[in-house]
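Raw contents of protein.txt, compact mmCIF, C-alpha atoms and all ligand atoms:
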```txt
# COMPACT_ATOMS: atom_id res chain seq x y z
CA MET I 21 -35.55 -64.80 -30.49
CA LEU I 22 -37.45 -67.90 -31.47
CA GLY I 23 -38.92 -69.94 -28.61
CA ILE I 24 -38.41 -73.70 -28.20
CA LYS I 25 -41.69 -74.48 -29.89
CA ASP I 26 -40.82 -72.23 -32.80
CA MET I 27 -37.51 -73.97 -33.51
CA ASN I 28 -39.39 -77.01 -34.79
CA SER I 29 -41.71 -75.13 -37.06
CA ASN I 30 -40.87 -74.88 -40.74
CA PHE I 31 -43.59 -72.26 -41.10
CA LEU I 32 -42.05 -69.87 -38.55
CA LYS I 33 -38.54 -70.54 -39.81
CA VAL I 34 -39.56 -69.48 -43.31
CA LEU I 35 -41.48 -66.44 -42.03
CA ASN I 36 -38.26 -65.39 -40.31
CA GLN I 37 -36.27 -65.84 -43.55
CA GLN I 38 -34.48 -68.94 -42.24
CA SER I 39 -33.94 -72.21 -44.05
CA ALA I 40 -36.39 -75.06 -43.47
CA GLU I 41 -36.61 -78.79 -44.21
CA HIS I 42 -39.28 -78.27 -46.82
CA THR I 43 -41.62 -75.54 -48.04
CA PRO I 44 -44.38 -75.22 -45.42
CA ILE I 45 -48.03 -75.29 -46.50
CA TRP I 46 -51.36 -74.30 -44.98
CA LEU I 47 -54.63 -73.43 -46.73
CA MET I 48 -56.78 -70.35 -46.42
CA ARG I 49 -60.17 -71.54 -45.01
CA GLN I 50 -58.61 -74.91 -44.20
CA ALA I 51 -61.39 -75.46 -41.65
CA GLY I 52 -64.52 -75.29 -43.76
CA ARG I 53 -67.38 -76.90 -45.57
CA TYR I 54 -65.30 -79.24 -47.76
CA LEU I 55 -64.74 -81.26 -44.55
CA PRO I 56 -67.66 -83.54 -43.52
CA GLU I 57 -66.61 -83.24 -39.85
CA TYR I 58 -66.82 -79.42 -40.14
CA ARG I 59 -70.35 -79.61 -41.54
CA LYS I 60 -71.32 -81.84 -38.64
CA THR I 61 -69.91 -79.53 -35.96
CA ARG I 62 -71.48 -76.50 -37.65
CA GLU I 63 -74.84 -78.24 -37.55
CA GLN I 64 -74.31 -78.99 -33.89
CA ALA I 65 -73.59 -75.29 -33.30
CA GLY I 66 -76.83 -74.31 -35.06
CA SER I 67 -75.28 -71.55 -37.16
CA PHE I 68 -71.94 -70.31 -38.41
CA LEU I 69 -71.90 -67.40 -35.95
CA ASN I 70 -72.74 -69.67 -33.02
CA LEU I 71 -69.78 -71.80 -34.08
CA CYS I 72 -67.48 -68.74 -34.10
CA LYS I 73 -68.72 -67.70 -30.65
CA ASN I 74 -68.39 -71.09 -28.97
CA PRO I 75 -64.69 -71.46 -28.06
CA ASP I 76 -64.93 -75.25 -27.54
CA LEU I 77 -66.55 -75.91 -30.91
CA ALA I 78 -64.29 -73.35 -32.64
CA THR I 79 -61.30 -75.17 -31.13
CA GLU I 80 -62.63 -78.45 -32.48
CA VAL I 81 -63.05 -77.15 -36.06
CA THR I 82 -59.63 -75.46 -36.00
CA LEU I 83 -58.08 -78.86 -35.16
CA GLN I 84 -60.10 -80.89 -37.71
CA PRO I 85 -57.98 -80.20 -40.83
CA LEU I 86 -54.79 -80.86 -38.82
CA ARG I 87 -56.00 -84.35 -37.90
CA ARG I 88 -56.56 -85.19 -41.54
CA PHE I 89 -53.64 -83.50 -43.29
CA ALA I 90 -49.93 -82.82 -42.62
CA LEU I 91 -50.47 -79.04 -42.53
CA ASP I 92 -47.60 -76.87 -41.29
CA ALA I 93 -49.73 -74.24 -39.53
CA SER I 94 -53.16 -73.75 -38.02
CA ILE I 95 -55.44 -70.72 -38.30
CA MET I 96 -57.87 -69.89 -35.53
CA PHE I 97 -61.44 -70.49 -36.60
CA SER I 98 -63.34 -67.24 -36.75
CA ASP I 99 -64.42 -64.65 -39.30
CA ILE I 100 -63.21 -61.17 -40.19
CA LEU I 101 -66.70 -59.73 -39.64
CA VAL I 102 -66.72 -60.26 -35.87
CA VAL I 103 -64.88 -56.92 -35.58
CA PRO I 104 -67.62 -54.74 -37.13
CA GLU I 105 -70.10 -56.73 -35.06
CA ALA I 106 -68.16 -55.89 -31.90
CA MET I 107 -68.22 -52.23 -33.02
CA GLY I 108 -72.02 -52.35 -32.83
CA MET I 109 -73.19 -53.60 -36.23
CA HIS I 110 -75.74 -56.38 -36.50
CA LEU I 111 -74.31 -59.38 -38.38
CA TYR I 112 -75.97 -62.51 -39.68
CA PHE I 113 -75.09 -65.18 -42.22
CA SER I 114 -77.76 -66.22 -44.68
CA ASP I 115 -77.33 -69.57 -46.41
CA GLY I 116 -76.15 -69.18 -49.97
CA GLU I 117 -75.82 -65.39 -49.77
CA GLY I 118 -72.98 -65.09 -47.27
CA PRO I 119 -72.63 -62.44 -44.59
CA LYS I 120 -75.05 -59.53 -44.16
CA PHE I 121 -75.31 -56.47 -41.95
CA THR I 122 -78.89 -55.35 -41.24
CA ASN I 123 -77.76 -51.75 -40.65
CA PRO I 124 -75.05 -50.84 -43.19
CA LEU I 125 -73.33 -47.50 -42.62
CA GLN I 126 -74.93 -44.62 -44.51
CA SER I 127 -73.64 -41.40 -42.98
CA SER I 128 -70.99 -39.80 -40.81
CA LEU I 129 -73.43 -40.12 -37.89
CA ASP I 130 -73.32 -43.90 -38.37
CA VAL I 131 -69.50 -43.74 -38.32
CA ASP I 132 -69.56 -41.66 -35.12
CA ALA I 133 -71.90 -44.16 -33.48
CA LEU I 134 -69.45 -47.08 -33.92
CA LYS I 135 -68.06 -48.32 -30.62
CA VAL I 136 -64.38 -48.27 -29.72
CA ILE I 137 -63.77 -51.94 -28.95
CA GLU I 138 -62.02 -53.54 -26.00
CA PRO I 139 -60.99 -56.83 -27.60
CA ASP I 140 -60.44 -58.75 -24.34
CA PHE I 141 -64.01 -57.93 -23.41
CA ASP I 142 -65.92 -57.50 -26.69
CA LEU I 143 -64.17 -60.40 -28.43
CA ALA I 144 -63.48 -62.48 -25.32
CA TYR I 145 -64.62 -65.64 -27.12
CA VAL I 146 -61.75 -65.26 -29.63
CA MET I 147 -59.21 -64.81 -26.83
CA GLN I 148 -60.58 -67.93 -25.12
CA LEU I 149 -60.27 -69.83 -28.41
CA ILE I 150 -56.60 -68.79 -28.69
CA ARG I 151 -55.89 -69.90 -25.12
CA ASN I 152 -57.62 -73.24 -25.81
CA LEU I 153 -55.61 -73.76 -28.97
CA LYS I 154 -52.32 -73.00 -27.23
CA GLN I 155 -53.14 -75.97 -24.99
CA GLU I 156 -54.42 -78.30 -27.67
CA LEU I 157 -52.19 -77.74 -30.69
CA PRO I 158 -49.19 -80.01 -31.28
CA ARG I 159 -46.02 -78.23 -30.12
CA ASN I 160 -44.59 -77.66 -33.57
CA THR I 161 -47.82 -76.37 -35.12
CA PRO I 162 -47.91 -72.59 -35.01
CA LEU I 163 -51.16 -70.67 -34.65
CA ILE I 164 -52.13 -67.91 -37.08
CA GLY I 165 -54.36 -65.10 -35.80
CA PHE I 166 -55.99 -62.70 -38.23
CA SER I 167 -58.18 -59.72 -39.00
CA GLY I 168 -59.73 -58.20 -42.08
CA SER I 169 -57.92 -55.12 -43.40
CA PRO I 170 -59.61 -51.78 -42.64
CA TRP I 171 -60.59 -51.36 -46.33
CA THR I 172 -62.10 -54.86 -46.60
CA LEU I 173 -64.06 -54.46 -43.36
CA ALA I 174 -65.28 -51.02 -44.50
CA CYS I 175 -66.53 -52.62 -47.75
CA TYR I 176 -68.79 -54.98 -45.79
CA MET I 177 -69.82 -52.27 -43.32
CA ILE I 178 -70.96 -49.93 -46.10
CA GLU I 179 -72.18 -52.43 -48.72
CA GLY I 180 -73.98 -54.46 -46.04
CA GLY I 181 -72.71 -57.72 -47.52
CA SER I 182 -70.82 -59.11 -50.47
CA SER I 183 -70.98 -56.78 -53.45
CA LYS I 184 -70.64 -56.95 -57.20
CA ASN I 185 -69.57 -53.43 -58.14
CA TYR I 186 -68.94 -51.76 -54.77
CA GLU I 187 -71.11 -48.83 -55.75
CA LYS I 188 -71.93 -47.80 -52.19
CA ILE I 189 -68.37 -47.67 -50.85
CA LYS I 190 -67.13 -46.15 -54.12
CA THR I 191 -69.63 -43.35 -53.58
CA TRP I 192 -67.72 -42.65 -50.37
CA VAL I 193 -64.36 -43.02 -52.20
CA TYR I 194 -65.24 -40.49 -54.89
CA SER I 195 -67.80 -38.20 -53.23
CA HIS I 196 -67.20 -38.39 -49.46
CA PRO I 197 -63.52 -39.29 -49.08
CA GLN I 198 -63.13 -37.57 -45.69
CA GLN I 199 -66.03 -39.54 -44.23
CA LEU I 200 -64.39 -42.75 -45.46
CA HIS I 201 -61.02 -41.73 -43.99
CA ASN I 202 -62.73 -41.15 -40.63
CA LEU I 203 -64.24 -44.63 -40.81
CA LEU I 204 -60.96 -46.25 -41.85
CA ASP I 205 -59.15 -44.49 -38.99
CA LYS I 206 -61.65 -45.89 -36.52
CA VAL I 207 -61.54 -49.39 -38.00
CA SER I 208 -57.70 -49.34 -38.09
CA ILE I 209 -57.60 -48.73 -34.35
CA ALA I 210 -60.03 -51.59 -33.73
CA VAL I 211 -58.07 -53.94 -36.02
CA ALA I 212 -54.70 -53.09 -34.47
CA ASP I 213 -56.00 -53.42 -30.90
CA TYR I 214 -57.66 -56.73 -31.82
CA LEU I 215 -54.39 -58.09 -33.26
CA VAL I 216 -52.43 -56.87 -30.22
CA ALA I 217 -54.88 -58.76 -27.98
CA GLN I 218 -54.44 -61.88 -30.15
CA ILE I 219 -50.66 -61.61 -29.86
CA LYS I 220 -50.91 -61.22 -26.08
CA ALA I 221 -53.22 -64.25 -25.95
CA GLY I 222 -50.57 -66.29 -27.77
CA VAL I 223 -50.89 -66.39 -31.56
CA ASP I 224 -47.58 -66.99 -33.36
CA THR I 225 -48.34 -64.89 -36.45
CA VAL I 226 -50.95 -62.37 -37.51
CA MET I 227 -52.42 -62.10 -40.98
CA LEU I 228 -54.36 -59.21 -42.53
CA PHE I 229 -56.91 -60.26 -45.15
CA ASP I 230 -57.28 -57.44 -47.66
CA SER I 231 -59.69 -59.46 -49.76
CA TRP I 232 -61.19 -56.51 -51.62
CA GLY I 233 -58.15 -54.22 -52.02
CA GLY I 234 -57.97 -55.38 -55.63
CA VAL I 235 -61.19 -53.63 -56.65
CA LEU I 236 -59.52 -50.21 -56.44
CA SER I 237 -57.42 -48.23 -58.90
CA GLU I 238 -53.77 -47.97 -57.91
CA ALA I 239 -54.07 -44.42 -56.56
CA LYS I 240 -57.18 -45.27 -54.56
CA PHE I 241 -55.62 -48.51 -53.30
CA ILE I 242 -52.68 -46.52 -51.91
CA GLU I 243 -54.97 -43.92 -50.35
CA PHE I 244 -57.72 -46.14 -48.92
CA SER I 245 -56.17 -49.54 -48.31
CA HIS I 246 -52.36 -49.47 -48.24
CA ALA I 247 -52.24 -46.42 -45.95
CA TYR I 248 -54.43 -48.19 -43.40
CA LEU I 249 -52.54 -51.49 -43.60
CA ALA I 250 -49.48 -49.38 -42.72
CA LYS I 251 -51.39 -47.71 -39.89
CA VAL I 252 -52.44 -51.03 -38.38
CA LEU I 253 -48.89 -52.42 -38.52
CA GLN I 254 -47.52 -49.22 -37.00
CA ARG I 255 -50.04 -49.20 -34.15
CA ILE I 256 -49.22 -52.84 -33.31
CA GLN I 257 -45.53 -51.92 -33.12
CA LEU I 258 -46.25 -48.86 -30.94
CA SER I 259 -48.43 -50.93 -28.59
CA LEU I 260 -45.89 -53.75 -28.34
CA PRO I 261 -42.43 -52.23 -28.93
CA ALA I 262 -40.61 -55.52 -28.27
CA ASN I 263 -42.98 -57.45 -30.53
CA LYS I 264 -41.36 -59.98 -32.86
CA THR I 265 -44.56 -61.73 -33.93
CA PRO I 266 -44.37 -61.97 -37.73
CA SER I 267 -47.12 -60.56 -39.89
CA ILE I 268 -48.57 -61.49 -43.29
CA VAL I 269 -50.53 -59.15 -45.59
CA PHE I 270 -52.73 -60.65 -48.29
CA THR I 271 -54.24 -58.29 -50.84
CA LYS I 272 -56.31 -60.29 -53.29
CA GLY I 273 -55.53 -58.87 -56.73
CA GLY I 274 -52.48 -57.12 -55.25
CA GLY I 275 -49.96 -58.79 -57.57
CA VAL I 276 -49.79 -55.57 -59.56
CA TRP I 277 -48.77 -53.58 -56.45
CA LEU I 278 -46.00 -55.74 -54.97
CA GLU I 279 -43.52 -52.86 -55.07
CA GLN I 280 -45.85 -50.73 -52.96
CA LEU I 281 -46.78 -53.62 -50.65
CA ASP I 282 -43.06 -54.28 -50.18
CA GLN I 283 -42.87 -50.94 -48.30
CA LEU I 284 -45.12 -52.26 -45.50
CA LYS I 285 -43.51 -53.31 -42.23
CA CYS I 286 -44.66 -56.91 -42.48
CA ASN I 287 -42.79 -60.19 -42.99
CA ALA I 288 -44.74 -61.79 -45.79
CA LEU I 289 -47.07 -60.96 -48.65
CA GLY I 290 -49.83 -63.28 -49.82
CA VAL I 291 -50.39 -63.47 -53.57
CA ASP I 292 -53.36 -64.87 -55.47
CA TRP I 293 -52.97 -67.20 -58.48
CA THR I 294 -53.02 -64.53 -61.18
CA ILE I 295 -49.34 -63.56 -60.85
CA ASP I 296 -46.46 -65.88 -61.76
CA ILE I 297 -44.66 -66.63 -58.50
CA GLY I 298 -41.25 -66.12 -60.14
CA LYS I 299 -42.32 -62.64 -61.19
CA ALA I 300 -43.61 -61.99 -57.67
CA ARG I 301 -40.25 -63.11 -56.26
CA SER I 302 -38.42 -60.55 -58.36
CA GLN I 303 -40.70 -57.71 -57.21
CA THR I 304 -40.56 -57.99 -53.41
CA THR I 305 -38.01 -58.73 -50.71
CA LYS I 306 -40.66 -60.23 -48.41
CA VAL I 307 -41.53 -63.86 -47.86
CA ILE I 308 -44.20 -64.87 -50.42
CA GLN I 309 -47.27 -66.91 -49.52
CA GLY I 310 -49.27 -68.57 -52.31
CA ASN I 311 -50.29 -69.20 -55.05
CA LEU I 312 -52.24 -72.23 -56.34
CA ASP I 313 -55.63 -71.55 -57.94
CA PRO I 314 -58.07 -72.87 -55.28
CA VAL I 315 -60.52 -74.05 -57.93
CA MET I 316 -57.99 -76.74 -58.93
CA LEU I 317 -58.84 -78.60 -55.72
CA SER I 318 -62.43 -78.86 -56.91
CA VAL I 319 -61.96 -79.59 -60.61
CA ALA I 320 -58.55 -81.25 -61.12
CA ASN I 321 -57.10 -84.60 -60.00
CA PRO I 322 -54.04 -85.55 -57.90
CA SER I 323 -51.74 -85.95 -60.89
CA ILE I 324 -52.67 -82.56 -62.43
CA ILE I 325 -52.23 -80.96 -59.00
CA LYS I 326 -48.78 -82.48 -58.57
CA THR I 327 -47.71 -81.10 -61.96
CA GLU I 328 -48.94 -77.62 -60.99
CA VAL I 329 -47.19 -77.77 -57.59
CA SER I 330 -44.00 -78.76 -59.37
CA ARG I 331 -44.37 -75.82 -61.77
CA ILE I 332 -44.90 -73.32 -58.92
CA ILE I 333 -41.97 -74.64 -56.88
CA GLN I 334 -39.73 -74.65 -59.97
CA ALA I 335 -40.73 -71.09 -60.94
CA TYR I 336 -39.96 -69.92 -57.40
CA ARG I 337 -36.62 -71.74 -57.32
CA GLU I 338 -35.49 -70.29 -60.64
CA ALA I 339 -36.36 -66.74 -59.60
CA ASN I 340 -34.62 -67.20 -56.23
CA ALA I 341 -31.15 -68.34 -57.35
CA GLY I 342 -31.93 -72.03 -56.92
CA ASP I 343 -33.12 -71.60 -53.33
CA LEU I 344 -36.61 -72.36 -51.93
CA THR I 345 -36.25 -70.16 -48.83
CA GLY I 346 -38.85 -67.42 -48.47
CA HIS I 347 -41.86 -69.31 -49.83
CA ILE I 348 -44.89 -70.51 -47.89
CA PHE I 349 -47.18 -72.60 -50.06
CA ASN I 350 -50.88 -71.74 -49.95
CA LEU I 351 -53.86 -71.24 -52.21
CA GLY I 352 -54.39 -67.91 -53.93
CA HIS I 353 -57.69 -67.56 -52.02
CA GLY I 354 -59.88 -69.66 -49.71
CA ILE I 355 -60.58 -73.33 -50.39
CA LEU I 356 -64.06 -73.95 -51.85
CA PRO I 357 -66.76 -76.18 -50.31
CA SER I 358 -66.50 -78.34 -53.46
CA ALA I 359 -62.78 -79.16 -52.92
CA LYS I 360 -62.06 -82.91 -53.03
CA LEU I 361 -60.33 -84.44 -50.03
CA ASP I 362 -57.95 -86.60 -52.08
CA ASN I 363 -56.87 -83.50 -54.02
CA VAL I 364 -56.08 -81.70 -50.77
CA SER I 365 -53.96 -84.65 -49.57
CA ALA I 366 -52.21 -84.81 -52.93
CA LEU I 367 -51.43 -81.09 -52.79
CA ILE I 368 -49.88 -81.24 -49.32
CA ASP I 369 -47.88 -84.39 -50.09
CA ALA I 370 -46.62 -82.93 -53.37
CA VAL I 371 -45.44 -79.69 -51.72
CA HIS I 372 -43.56 -81.59 -49.02
CA GLU I 373 -42.06 -84.11 -51.43
CA LEU I 374 -41.04 -81.72 -54.19
CA SER I 375 -39.55 -79.11 -51.84
CA GLN I 376 -37.49 -81.45 -49.64
CA ARG I 377 -34.12 -79.70 -49.09
O1 LIG S 1 -59.03 -70.03 -42.84
C1 LIG S 1 -59.64 -70.57 -41.91
O2 LIG S 1 -59.83 -71.81 -41.85
C2 LIG S 1 -60.14 -69.71 -40.78
C3 LIG S 1 -61.46 -69.28 -40.89
C4 LIG S 1 -61.88 -68.10 -41.74
C5 LIG S 1 -63.23 -67.98 -42.13
N1 LIG S 1 -63.40 -66.76 -42.72
C6 LIG S 1 -64.25 -68.99 -41.90
C7 LIG S 1 -65.50 -68.96 -42.68
C8 LIG S 1 -61.21 -66.95 -42.17
C9 LIG S 1 -59.75 -66.60 -42.07
C10 LIG S 1 -62.19 -66.11 -42.77
C11 LIG S 1 -61.88 -64.78 -43.32
C12 LIG S 1 -62.89 -64.10 -44.13
N2 LIG S 1 -64.23 -64.02 -43.92
C13 LIG S 1 -62.57 -63.28 -45.23
C14 LIG S 1 -61.19 -62.99 -45.72
C15 LIG S 1 -60.67 -64.10 -46.54
C16 LIG S 1 -61.33 -64.24 -47.86
O3 LIG S 1 -61.95 -65.30 -48.07
O4 LIG S 1 -61.20 -63.33 -48.70
C17 LIG S 1 -63.77 -62.77 -45.74
C18 LIG S 1 -63.93 -61.86 -46.93
C19 LIG S 1 -64.82 -63.22 -44.89
C20 LIG S 1 -66.27 -62.91 -44.99
C21 LIG S 1 -67.05 -64.11 -45.20
N3 LIG S 1 -67.28 -65.08 -44.24
C22 LIG S 1 -67.72 -64.51 -46.38
C23 LIG S 1 -67.72 -63.74 -47.69
C24 LIG S 1 -68.35 -65.73 -46.11
C25 LIG S 1 -69.26 -66.53 -47.01
C26 LIG S 1 -68.42 -67.41 -47.84
C27 LIG S 1 -69.19 -68.55 -48.40
O5 LIG S 1 -68.56 -69.23 -49.20
O6 LIG S 1 -70.35 -68.77 -48.04
C28 LIG S 1 -68.03 -66.08 -44.79
C29 LIG S 1 -68.46 -67.32 -44.11
C30 LIG S 1 -67.37 -68.23 -43.65
N4 LIG S 1 -66.24 -67.85 -42.99
C31 LIG S 1 -67.37 -69.65 -43.77
C32 LIG S 1 -66.21 -70.11 -43.15
C33 LIG S 1 -65.77 -71.52 -42.95
C34 LIG S 1 -68.48 -70.49 -44.38
C35 LIG S 1 -69.65 -70.38 -43.48
C36 LIG S 1 -70.41 -71.65 -43.25
O7 LIG S 1 -69.90 -72.59 -42.61
O8 LIG S 1 -71.56 -71.68 -43.68
```
Could you render the structure as structure tokens?
Amino acid sequence: MLGIKDMNSNFLKVLNQQSAEHTPIWLMRQAGRYLPEYRKTREQAGSFLNLCKNPDLATEVTLQPLRRFALDASIMFSDILVVPEAMGMHLYFSDGEGPKFTNPLQSSLDVDALKVIEPDFDLAYVMQLIRNLKQELPRNTPLIGFSGSPWTLACYMIEGGSSKNYEKIKTWVYSHPQQLHNLLDKVSIAVADYLVAQIKAGVDTVMLFDSWGGVLSEAKFIEFSHAYLAKVLQRIQLSLPANKTPSIVFTKGGGVWLEQLDQLKCNALGVDWTIDIGKARSQTTKVIQGNLDPVMLSVANPSIIKTEVSRIIQAYREANAGDLTGHIFNLGHGILPSAKLDNVSALIDAVHELSQR
């Protein structure tokens, strides 16, 4: 059953396969460096991690994009890497280079040493952020909670940061698969328990970011990423049997595996910009979230963006028997720091205008 708040939300209506007034839109990384007010608050916090761990400042930056733009959903401000940190790894963010772990996993002993997390305790600052946001968000703006997928978190935990060729984790894939399965089992439990805690604290949807699933071959994707996405979703359902909180799975580069992703017990699949959305529509029964190339917001102009929005909406409509139900508009990946504010406004206005029912 949808609650009173939910009735007014186009985003939750679409996630539940119901008709809406227009196609809802939100943007991955909608709170971020392209916003001057974000840069200011981040400076005030001293560092990105301090910002994540300060519930009042994290509340503020979550709300910032909603004050500027007519977004249809909010996403709690945090990062996927707070989970490995809570499991005992040492995380820092270096300017220009992104996230780093000082002690990347190297052996099965390192896997054994990882802590089993208690999210309400180890990630209490995230739960406080969710409770704050439930108070502060407008009634018809749903809140998205999230986690990294087990595979994507394992990539960072083993590589120690962003990676070009994934040689370290692929050594585990090809030479120590059992060790990797043990790690993924452990991370899946942490991810599921973290999402259960988020649901209990009040998020309206949960999203799994499988940002690096696309670096695997199909067989290895099924074995090392898909299987653990399924495990996480199953553990959430076992922990909360009456749970109706919808879930979204986003595998970057996963457009080639929509048939397999369709088997997951989730409500929606995120797609990046490489697949035609009409083609995606014909390959899955789930709600589809996507799929504008995020770079457009940095390099194009409002009129080019409107033309591209029109093309995406038209392609979806044609593949869906003239109906726009089942589509949540988003970027195919996170918005870049170089995105232009007037392009973002133009995008959101175009989606609302061109999808009016
Ligand atoms: O979407 C939102 O507005 C919520 C916030 C959010 C952030 N990270 C904030 C952030 C979310 C959902 C994430 C998820 C995340 N973090 C992912 C999955 C999504 C994806 O992009 O594929 C990944 C892989 C990470 C890991 C991570 N965190 C990286 C690689 C980086 C560096 C990126 C860069 O461009 O420097 C981060 C840092 C980060 N996370 C920033 C923000 C706003 C920028 C940090 C800063 O302010 O300096």
I:Ala359 surroundings by only C-alpha atoms, 7 Å radius, close-in-sequence under 3 positions cut, as a list in words: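 So the residues in contact are Tyr54, Leu317, Ser318, Ile355 and Leu356 of chain I.
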Output C-alpha atoms for every residue in that selection, as an mmCIF file, in the frame of the given file.
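See part.cif below for the written result:
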```cif
data_model
loop_
_atom_site.group_PDB
_atom_site.id
_atom_site.type_symbol
_atom_site.label_atom_id
_atom_site.label_comp_id
_atom_site.auth_asym_id
_atom_site.auth_seq_id
_atom_site.Cartn_x
_atom_site.Cartn_y
_atom_site.Cartn_z
ATOM 1 C CA TYR I 54 -65.300 -79.240 -47.760
ATOM 2 C CA LEU I 317 -58.840 -78.600 -55.720
ATOM 3 C CA SER I 318 -62.430 -78.860 -56.910
ATOM 4 C CA ILE I 355 -60.580 -73.330 -50.390
ATOM 5 C CA LEU I 356 -64.060 -73.950 -51.850
#
```
Shell of 10 Å around stretch 246-256 of chain I, all atoms listed in the file, local chain residues under 2 positions omitted, as a PyMOL selection string: chain I and resi 168-171+201+204-205+207-217+219+228-230+233+238-244+258-261+263+267+269+271+277+280-281+283-286
Box in all listed atoms of ligand LIG 1 (chain S), axis-aligned, with 6 Å more on each side; write out centre and edge lengths in Å to one decimal as lines of an AutoDock Vina configuration file.
```
center_x = -65.3
center_y = -67.2
center_z = -45.0
size_x = 24.5
size_y = 22.7
size_z = 20.4
```
Using only C-alpha atoms and all ligand atoms: which of I:Asn350, I:Gln38, I:Ser128, I:Ser375 has the shortest distance to ligand LIG 1 (chain S):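 Among the listed residues, I:Asn350 lies closest to ligand LIG 1 (chain S).
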Hey, which bits of chain I sit within 8 Å of ligand LIG 1 (chain S), and for each residue what's the closest pair of atoms and how far apart in Å (one decimal), counting all atoms listed in the file, rows by chain and increasing number, as CSV?
```
residue,atom,partner,partner_atom,distance
I:Leu47,CA,S:LIG1,O1,6.8
I:Met48,CA,S:LIG1,O1,4.2
I:Arg49,CA,S:LIG1,O1,2.9
I:Gln50,CA,S:LIG1,O2,4.1
I:Ala51,CA,S:LIG1,O2,4.0
I:Gly52,CA,S:LIG1,C33,4.1
I:Arg53,CA,S:LIG1,O7,5.8
I:Tyr58,CA,S:LIG1,O7,7.9
I:Arg59,CA,S:LIG1,O7,7.1
I:Arg62,CA,S:LIG1,O7,6.5
I:Ser67,CA,S:LIG1,O8,7.5
I:Phe68,CA,S:LIG1,O7,5.2
I:Thr82,CA,S:LIG1,O2,6.9
I:Ser94,CA,S:LIG1,O2,7.9
I:Ile95,CA,S:LIG1,C2,5.4
I:Met96,CA,S:LIG1,C2,5.7
I:Phe97,CA,S:LIG1,C2,4.4
I:Ser98,CA,S:LIG1,C3,5.0
I:Asp99,CA,S:LIG1,N1,4.1
I:Ile100,CA,S:LIG1,N2,4.8
I:Leu101,CA,S:LIG1,C20,6.2
I:Phe113,CA,S:LIG1,C29,7.2
I:Asp115,CA,S:LIG1,O8,6.7
I:Gly116,CA,S:LIG1,O6,6.1
I:Glu117,CA,S:LIG1,O6,6.7
I:Gly118,CA,S:LIG1,C25,4.0
I:Pro119,CA,S:LIG1,C24,5.6
I:Phe166,CA,S:LIG1,C9,6.6
I:Ser167,CA,S:LIG1,C11,7.6
I:Gly168,CA,S:LIG1,C14,6.2
I:Thr172,CA,S:LIG1,C18,7.2
I:Gly181,CA,S:LIG1,C23,7.8
I:Ser182,CA,S:LIG1,C23,6.2
I:Phe229,CA,S:LIG1,C14,5.1
I:Asp230,CA,S:LIG1,C14,7.1
I:Ser231,CA,S:LIG1,O4,4.3
I:Trp232,CA,S:LIG1,O4,7.4
I:Lys272,CA,S:LIG1,O4,7.4
I:His353,CA,S:LIG1,O3,6.2
I:Gly354,CA,S:LIG1,O3,5.1
I:Leu356,CA,S:LIG1,O5,7.0
I:Pro357,CA,S:LIG1,O5,7.3
```
Residues within 10 Å of (-34.9, -74.6, -53.1), counting all atoms listed in the file, listed as a ChimeraX atom specification: /I:39-43,333-334,336-338,340-347,374-377
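When atom CA of I:Leu289 is paired with atom CA of I:Arg301, their separation reads 10.4 Å.
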Computed interatomic separation between atom CA of I:Val364 and atom CA of I:Asp292 (Å):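 A separation of 17.7 Å between them.
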Stretch 139-145 of chain I environment, 6 Å, all atoms listed in the file, sequence neighbours closer than 3 positions dropped, as a compact mmCIF listing (two decimals) with C-alpha atoms, in the frame of the given file:
```txt
# COMPACT_ATOMS: atom_id res chain seq x y z
CA LYS I 73 -68.72 -67.70 -30.65
CA PRO I 75 -64.69 -71.46 -28.06
CA ALA I 106 -68.16 -55.89 -31.90
CA GLN I 148 -60.58 -67.93 -25.12
CA TYR I 214 -57.66 -56.73 -31.82
```
Nearest candidate to I:Lys188 (options I:Gln257, I:Ser127, I:Gln84, I:Asn36; using only C-alpha atoms): I:Ser127
